[in-house]
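Notes follow once the structure below has been shown.
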Protein chains: 2
Amino acid sequence: MTGSHVGDLPVGRKFTVRRTVTEADVLRFAELTGDFDRLHVDAEYCRTTRYGKQIAHGALIIGYMSAASSKATEGFGRPVASLGFDRIRHLKPVFVGDTVTVTYEIAETDPPRERATARVAAVNQHGETIAVADHVLKLV
Amino acid sequence: MTGSHVGDLPVGRKFTVRRTVTEADVLRFAELTGDFDRLHVDAEYCRTTRYGKQIAHGALIIGYMSAASSKATEGFGRPVASLGFDRIRHLKPVFVGDTVTVTYEIAETDPPRERATARVAAVNQHGETIAVADHVLKLV
């Protein structure tokens with residue numbers, strides 16, 4: 001994909017990234033961020049919760065969303081940065097061994113401000129939606 | 001901190017986490033999420049952008065926000081999970097070597113739904129706000 005105006009972004013095209021969450025991923029994410037919450041790293045404690053086992057960090061899933069965004073803008077003629085998210089909801093837990101597929105679709109562009117908004121959804125291997133978000137991009 | 005009702009959360013108290021972003025952190029985050037966007041991993045390309053050098057992933061900063069959330073709820077009598085964010089804005093780039101301080105404050109609680117909302121702000125070593133967010137917690 002090439003282009004240099006926000007209107008050249010691939011509006012309406014769906015990009016996906018897919019990843020199996022490993023135990024190493026969760027532990028490395030805890031190290032990288034300092035988020036060692038018991039829900040992520042304490043297997044015995046998690047047996048006492050409604051989840052029954054350790055869950056992945058929500059921010060790891062947000063990282064997958066960003067990866068999908070990078071895929072959607074790869075090769076574009078100008079740098080595209082993440083301005084942020086308008087709303088993120090973690091709807092279901094993600095466990096070690098789950099395979100997450102993120103679908104990313106640029107829905108709207110705002111040429112005067114050189115911004116675009118994308119709808120993002122993440123599903124697990126059972127087809128359950130585990131997270132949704134609205135992502136905001138900006139040409140920089 | 002102890003407690004079992006959402007009203008027992010430490011409303012109004014500020015929790016901080018502080019972290020220097022290393023080059024290794026950015027590269028490990030790229031590996032972990034699959035987000036190898038040029039803005040994060042291509043030093044030569046970045047010299048041609050307005051940033052002049054590689055920037056950290058926004059989702060890494062969101063990970064620090066989650067770490068601050070875990071600190072704010074550590075020791076609580078019931079599991080507290082992240083329901084998501086209502087709005088995240090990355091206001092300034094974060095570079096390798098920058099030291100990020102995240103301040104996390106639970107602002108409101110919603111006892112009927114067992115939810116709480118927190119205001120989150122991240123500043124760099126120059127005191128510049130690099131990101132803000134509203135985080136939503138839920139007892140699970």
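Starting from 1 in every chain, residues are counted up; chains themselves are A, B, ... following the order of the structure tokens, and ligands are numbered from 1 as listed.
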
Using only C-alpha atoms, find which residues of chain B lie within 8 Å of chain A and jot them down as a PyMOL selection string.
chain B and resi 25+28-29+32-37+39+49-50+58-60+62-64+66-68+70+74+79+82-91+140

Neighbouring residues of Gln125 in chain B were defined as those with any atom within 10 Å, considering only C-alpha atoms; residues of the same chain fewer than 3 positions away were excluded. Please report them as JSON, numbers by chain.
{"B": [20, 97, 98, 99, 100, 101, 128, 129]}

Could you pull out the strand (DSSP E) residues of range 16-94 of chain B, going by DSSP on the backbone, and write them as number ranges by chain?
B: 16-20, 80-90
